[in-house]
Structure formats: C-alpha cells, structure tokens
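Data from run_32.csv: CSV, N, CA and C atoms
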```csv
chain,number,residue,atom,x,y,z
A,965,MET,N,-42.1,64.2,-136.2
A,965,MET,CA,-40.7,64.5,-136.4
A,965,MET,C,-40.5,66.0,-136.4
A,966,ARG,N,-39.5,66.4,-135.6
A,966,ARG,CA,-39.2,67.8,-135.5
A,966,ARG,C,-37.8,68.1,-136.1
A,967,ILE,N,-37.8,68.9,-137.1
A,967,ILE,CA,-36.6,69.2,-137.9
A,967,ILE,C,-36.3,70.7,-137.7
A,968,GLN,N,-35.1,71.0,-137.2
A,968,GLN,CA,-34.6,72.3,-137.0
A,968,GLN,C,-33.3,72.6,-137.7
A,969,VAL,N,-33.2,73.8,-138.2
A,969,VAL,CA,-31.9,74.3,-138.8
A,969,VAL,C,-31.4,75.4,-137.9
A,970,LEU,N,-30.3,75.2,-137.3
A,970,LEU,CA,-29.7,76.2,-136.4
A,970,LEU,C,-28.7,77.1,-137.2
A,971,GLY,N,-28.9,78.4,-137.1
A,971,GLY,CA,-28.0,79.3,-137.8
A,971,GLY,C,-28.5,80.7,-137.6
A,972,THR,N,-27.6,81.7,-137.8
A,972,THR,CA,-28.0,83.1,-137.5
A,972,THR,C,-28.6,83.8,-138.7
A,973,GLY,N,-28.8,83.1,-139.8
A,973,GLY,CA,-29.4,83.7,-141.0
A,973,GLY,C,-28.4,84.0,-142.1
A,974,CYS,N,-27.3,83.4,-142.1
A,974,CYS,CA,-26.3,83.5,-143.2
A,974,CYS,C,-26.8,82.8,-144.4
A,975,GLN,N,-26.1,83.0,-145.5
A,975,GLN,CA,-26.5,82.3,-146.8
A,975,GLN,C,-26.4,80.8,-146.6
A,976,LYS,N,-25.4,80.3,-146.0
A,976,LYS,CA,-25.3,78.8,-145.8
A,976,LYS,C,-26.5,78.3,-145.0
A,977,CYS,N,-26.9,79.0,-144.0
A,977,CYS,CA,-28.1,78.6,-143.2
A,977,CYS,C,-29.4,78.6,-144.0
A,978,LYS,N,-29.5,79.6,-144.8
A,978,LYS,CA,-30.7,79.7,-145.7
A,978,LYS,C,-30.7,78.5,-146.7
A,979,GLN,N,-29.5,78.2,-147.2
A,979,GLN,CA,-29.4,77.1,-148.2
A,979,GLN,C,-29.8,75.8,-147.5
A,980,LEU,N,-29.3,75.5,-146.3
A,980,LEU,CA,-29.6,74.3,-145.6
A,980,LEU,C,-31.1,74.2,-145.3
A,981,THR,N,-31.7,75.3,-145.0
A,981,THR,CA,-33.1,75.3,-144.7
A,981,THR,C,-33.9,75.0,-146.0
A,982,ALA,N,-33.5,75.6,-147.1
A,982,ALA,CA,-34.2,75.2,-148.4
A,982,ALA,C,-34.0,73.8,-148.7
A,983,ASN,N,-32.8,73.2,-148.5
A,983,ASN,CA,-32.5,71.8,-148.9
A,983,ASN,C,-33.3,70.9,-148.0
A,984,ALA,N,-33.4,71.3,-146.7
A,984,ALA,CA,-34.2,70.4,-145.8
A,984,ALA,C,-35.7,70.5,-146.1
A,985,GLU,N,-36.2,71.6,-146.5
A,985,GLU,CA,-37.6,71.7,-146.9
A,985,GLU,C,-37.8,70.9,-148.2
A,986,GLN,N,-36.9,70.9,-149.1
A,986,GLN,CA,-37.0,70.1,-150.3
A,986,GLN,C,-37.0,68.6,-150.0
A,987,ALA,N,-36.1,68.2,-149.1
A,987,ALA,CA,-36.0,66.8,-148.7
A,987,ALA,C,-37.3,66.4,-148.1
A,988,VAL,N,-37.9,67.2,-147.2
A,988,VAL,CA,-39.1,66.9,-146.5
A,988,VAL,C,-40.3,66.7,-147.5
A,989,ALA,N,-40.3,67.6,-148.5
A,989,ALA,CA,-41.3,67.6,-149.5
A,989,ALA,C,-41.2,66.3,-150.4
A,990,GLU,N,-40.0,66.0,-150.8
A,990,GLU,CA,-39.8,64.8,-151.6
A,990,GLU,C,-40.1,63.5,-150.9
A,991,LEU,N,-39.9,63.5,-149.6
A,991,LEU,CA,-40.2,62.3,-148.8
A,991,LEU,C,-41.6,62.3,-148.3
A,992,ALA,N,-42.3,63.4,-148.6
A,992,ALA,CA,-43.7,63.5,-148.2
A,992,ALA,C,-43.9,63.2,-146.7
A,993,LEU,N,-43.1,63.8,-145.9
A,993,LEU,CA,-43.1,63.6,-144.4
A,993,LEU,C,-44.2,64.3,-143.7
A,994,GLY,N,-44.6,65.5,-144.3
A,994,GLY,CA,-45.6,66.3,-143.6
A,994,GLY,C,-45.0,67.0,-142.4
A,995,ALA,N,-43.7,67.0,-142.3
A,995,ALA,CA,-43.1,67.8,-141.2
A,995,ALA,C,-42.7,69.2,-141.7
A,996,THR,N,-42.5,70.1,-140.7
A,996,THR,CA,-42.1,71.4,-141.1
A,996,THR,C,-40.6,71.6,-140.6
A,997,VAL,N,-40.0,72.5,-141.3
A,997,VAL,CA,-38.6,72.8,-141.0
A,997,VAL,C,-38.6,74.1,-140.2
A,998,GLU,N,-38.1,74.1,-139.0
A,998,GLU,CA,-38.1,75.3,-138.1
A,998,GLU,C,-36.7,75.9,-138.1
A,999,LYS,N,-36.6,77.2,-138.4
A,999,LYS,CA,-35.3,77.9,-138.3
A,999,LYS,C,-35.1,78.4,-136.9
A,1000,VAL,N,-33.9,78.2,-136.3
A,1000,VAL,CA,-33.6,78.6,-135.0
A,1000,VAL,C,-32.4,79.6,-135.2
A,1001,GLU,N,-32.7,80.9,-134.9
A,1001,GLU,CA,-31.7,81.9,-135.1
A,1001,GLU,C,-31.2,82.6,-133.8
A,1002,ASP,N,-31.9,82.3,-132.7
A,1002,ASP,CA,-31.5,82.8,-131.4
A,1002,ASP,C,-30.2,82.1,-130.9
A,1003,LEU,N,-29.2,82.9,-130.7
A,1003,LEU,CA,-27.9,82.3,-130.3
A,1003,LEU,C,-28.0,81.5,-129.0
A,1004,ARG,N,-28.9,82.0,-128.0
A,1004,ARG,CA,-29.0,81.3,-126.8
A,1004,ARG,C,-29.6,79.9,-127.0
A,1005,GLU,N,-30.6,79.8,-128.0
A,1005,GLU,CA,-31.2,78.5,-128.3
A,1005,GLU,C,-30.1,77.6,-129.0
A,1006,ILE,N,-29.4,78.2,-129.9
A,1006,ILE,CA,-28.4,77.4,-130.6
A,1006,ILE,C,-27.3,76.9,-129.7
A,1007,MET,N,-26.9,77.7,-128.7
A,1007,MET,CA,-25.9,77.3,-127.7
A,1007,MET,C,-26.4,76.1,-126.9
A,1008,LYS,N,-27.7,76.0,-126.7
A,1008,LYS,CA,-28.2,74.8,-125.9
A,1008,LYS,C,-27.9,73.5,-126.6
A,1009,PHE,N,-27.7,73.5,-127.9
A,1009,PHE,CA,-27.4,72.3,-128.6
A,1009,PHE,C,-25.9,72.0,-128.6
A,1010,ARG,N,-25.1,73.0,-128.0
A,1010,ARG,CA,-23.6,72.9,-128.0
A,1010,ARG,C,-23.0,72.8,-129.4
A,1011,VAL,N,-23.6,73.5,-130.3
A,1011,VAL,CA,-23.1,73.5,-131.7
A,1011,VAL,C,-22.1,74.7,-131.8
A,1012,MET,N,-20.9,74.3,-132.3
A,1012,MET,CA,-19.8,75.3,-132.5
A,1012,MET,C,-19.7,75.9,-133.9
A,1013,ALA,N,-20.4,75.2,-134.8
A,1013,ALA,CA,-20.3,75.7,-136.2
A,1013,ALA,C,-21.7,75.5,-136.8
A,1014,THR,N,-22.1,76.6,-137.5
A,1014,THR,CA,-23.4,76.6,-138.2
A,1014,THR,C,-23.2,76.6,-139.7
A,1015,PRO,N,-24.1,76.2,-140.4
A,1015,PRO,CA,-25.5,75.7,-140.0
A,1015,PRO,C,-25.4,74.3,-139.5
A,1016,ALA,N,-26.5,74.0,-138.7
A,1016,ALA,CA,-26.6,72.7,-138.1
A,1016,ALA,C,-28.0,72.2,-138.4
A,1017,LEU,N,-28.1,70.9,-138.5
A,1017,LEU,CA,-29.4,70.2,-138.7
A,1017,LEU,C,-29.7,69.4,-137.5
A,1018,VAL,N,-30.9,69.6,-136.9
A,1018,VAL,CA,-31.3,68.9,-135.7
A,1018,VAL,C,-32.6,68.1,-136.0
A,1019,VAL,N,-32.6,66.9,-135.7
A,1019,VAL,CA,-33.8,66.0,-135.9
A,1019,VAL,C,-34.2,65.4,-134.6
A,1020,ASP,N,-35.4,65.8,-134.2
A,1020,ASP,CA,-35.9,65.3,-132.9
A,1020,ASP,C,-35.0,65.5,-131.7
A,1021,GLY,N,-34.4,66.7,-131.7
A,1021,GLY,CA,-33.5,67.1,-130.6
A,1021,GLY,C,-32.1,66.7,-130.6
A,1022,GLN,N,-31.7,65.9,-131.7
A,1022,GLN,CA,-30.3,65.4,-131.8
A,1022,GLN,C,-29.7,66.1,-133.0
A,1023,VAL,N,-28.5,66.7,-132.8
A,1023,VAL,CA,-27.7,67.3,-133.8
A,1023,VAL,C,-27.2,66.2,-134.8
A,1024,ARG,N,-27.6,66.3,-136.0
A,1024,ARG,CA,-27.2,65.3,-137.0
A,1024,ARG,C,-26.2,65.8,-138.0
A,1025,SER,N,-26.0,67.1,-138.1
A,1025,SER,CA,-24.9,67.6,-138.9
A,1025,SER,C,-24.6,69.1,-138.4
A,1026,ALA,N,-23.4,69.4,-138.5
A,1026,ALA,CA,-23.0,70.8,-138.1
A,1026,ALA,C,-21.8,71.3,-138.9
A,1027,GLY,N,-21.9,72.6,-139.3
A,1027,GLY,CA,-20.8,73.2,-140.0
A,1027,GLY,C,-20.7,73.0,-141.5
A,1028,LYS,N,-21.8,72.4,-142.0
A,1028,LYS,CA,-21.8,72.2,-143.5
A,1028,LYS,C,-23.2,72.2,-144.0
A,1029,VAL,N,-23.3,72.5,-145.3
A,1029,VAL,CA,-24.6,72.6,-146.0
A,1029,VAL,C,-24.8,71.2,-146.6
A,1030,LEU,N,-25.8,70.5,-146.1
A,1030,LEU,CA,-26.1,69.2,-146.7
A,1030,LEU,C,-27.0,69.4,-147.9
A,1031,SER,N,-26.8,68.5,-149.0
A,1031,SER,CA,-27.6,68.6,-150.1
A,1031,SER,C,-29.0,68.0,-149.8
A,1032,PRO,N,-30.0,68.2,-150.6
A,1032,PRO,CA,-31.3,67.6,-150.4
A,1032,PRO,C,-31.2,66.1,-150.2
A,1033,SER,N,-30.4,65.4,-151.0
A,1033,SER,CA,-30.2,63.9,-150.9
A,1033,SER,C,-29.5,63.5,-149.6
A,1034,GLU,N,-28.6,64.3,-149.2
A,1034,GLU,CA,-27.9,64.0,-147.9
A,1034,GLU,C,-28.9,64.2,-146.7
A,1035,VAL,N,-29.8,65.2,-146.8
A,1035,VAL,CA,-30.8,65.5,-145.8
A,1035,VAL,C,-31.7,64.3,-145.8
A,1036,LYS,N,-32.1,63.8,-146.9
A,1036,LYS,CA,-33.0,62.6,-147.0
A,1036,LYS,C,-32.4,61.4,-146.3
A,1037,LYS,N,-31.1,61.2,-146.5
A,1037,LYS,CA,-30.4,60.1,-145.8
A,1037,LYS,C,-30.5,60.2,-144.3
A,1038,VAL,N,-30.3,61.5,-143.8
A,1038,VAL,CA,-30.3,61.7,-142.4
A,1038,VAL,C,-31.7,61.5,-141.9
A,1039,LEU,N,-32.7,61.9,-142.6
A,1039,LEU,CA,-34.1,61.8,-142.1
A,1039,LEU,C,-34.6,60.3,-142.2
A,1040,ALA,N,-34.0,59.6,-143.1
A,1040,ALA,CA,-34.4,58.2,-143.2
A,1040,ALA,C,-33.7,57.3,-142.2
A,1041,GLY,N,-32.5,57.7,-141.8
A,1041,GLY,CA,-31.7,56.9,-140.9
A,1041,GLY,C,-32.0,57.3,-139.5
```
Please, can you express the file's structure as structure tokens?
Amino acid sequence: MRIQVLGTGCQKCKQLTANAEQAVAELALGATVEKVEDLREIMKFRVMATPALVVDGQVRSAGKVLSPSEVKKVLAG
C-alpha cells in the first residue's frame, strides 16, 4: 500500500501527515507515509486544494485534514 500526503508543507499538511502516520501505526499496516511537496508532482494528481491524501495512486481526500480515525476508514475501505 502506497500512502502519500500532497501539500507544500503548511501546518495542515503536516497535521494530515501526522494523522496518517498515526492511523498506519494503529492499523499495524507496515506502510510508510510519503510527503509530496513538489508542485509539479501534486499537479499530476489534479488536486486543487491541499492537503490531499492519496492511497495507491488514487486521491481519497483533498482540501481538509482528516482525523486519524477518518484516515483509518479510508485505508480500510
């Protein structure tokens, strides 16, 4: 499973990264959370609002900070 957080490094992006890492740890997935801060890479996903959560190449959330429990739901579904 590939998990990416798209964002330029703002506080919301950092919070989503932390929440995603917490969710991965609680689910014991063994996956890593990758931060993508390069605007050209972010644009490839056609995301207009950050932060965004990408799972296996698919944008699952954009423009809001998901809580750890919300991230867990995304990862489980």
| field | Close residues, Ala1013 (chain A) itself excluded, 12 Å, only C-alpha atoms, min 5 positions apart in chain, as a ChimeraX atom specification | value | /A:969-972,976-977,1003,1006-1007,1023,1025-1029
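Between atom N of Val1038 (chain A) and CA of Val1018 (chain A) the interatomic distance comes to 11.0 Å.
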| Skipping near chain neighbours, those fewer than 3 positions away, what residues fall within 8 Å of Ala984 (chain A) using only N, CA and C atoms, listed as a PyMOL selection string? | chain A and resi 978-981+987-990+996-997+1030-1033+1035-1036
| message | Which residue is closest to Ile967 (chain A)? Choose from A:Val1011, A:Ala995, A:Ala1040, A:Ala982 and count only C-alpha atoms. | response | A:Ala995
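Note that CA of Met1012 (chain A) and CA of Met965 (chain A) are 23.8 Å apart.
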| request: Work out how far atom N of Glu998 (chain A) is from atom C of Gly1021 (chain A), in Å to one decimal. | output: 12.7 Å
| task | If you run DSSP over the backbone, which residues in chain A end up helix (DSSP H, G or I)? Put them as a count of residues only. | result | 32
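Among the residues of region 985-1036 of chain A, backbone DSSP assigns strand (DSSP E) to Val997, Glu998, Lys999, Val1000, Ala1016, Leu1017, Val1018, Val1019, Gln1022, Val1023, Arg1024, Ser1025 and Ala1026 of chain A.
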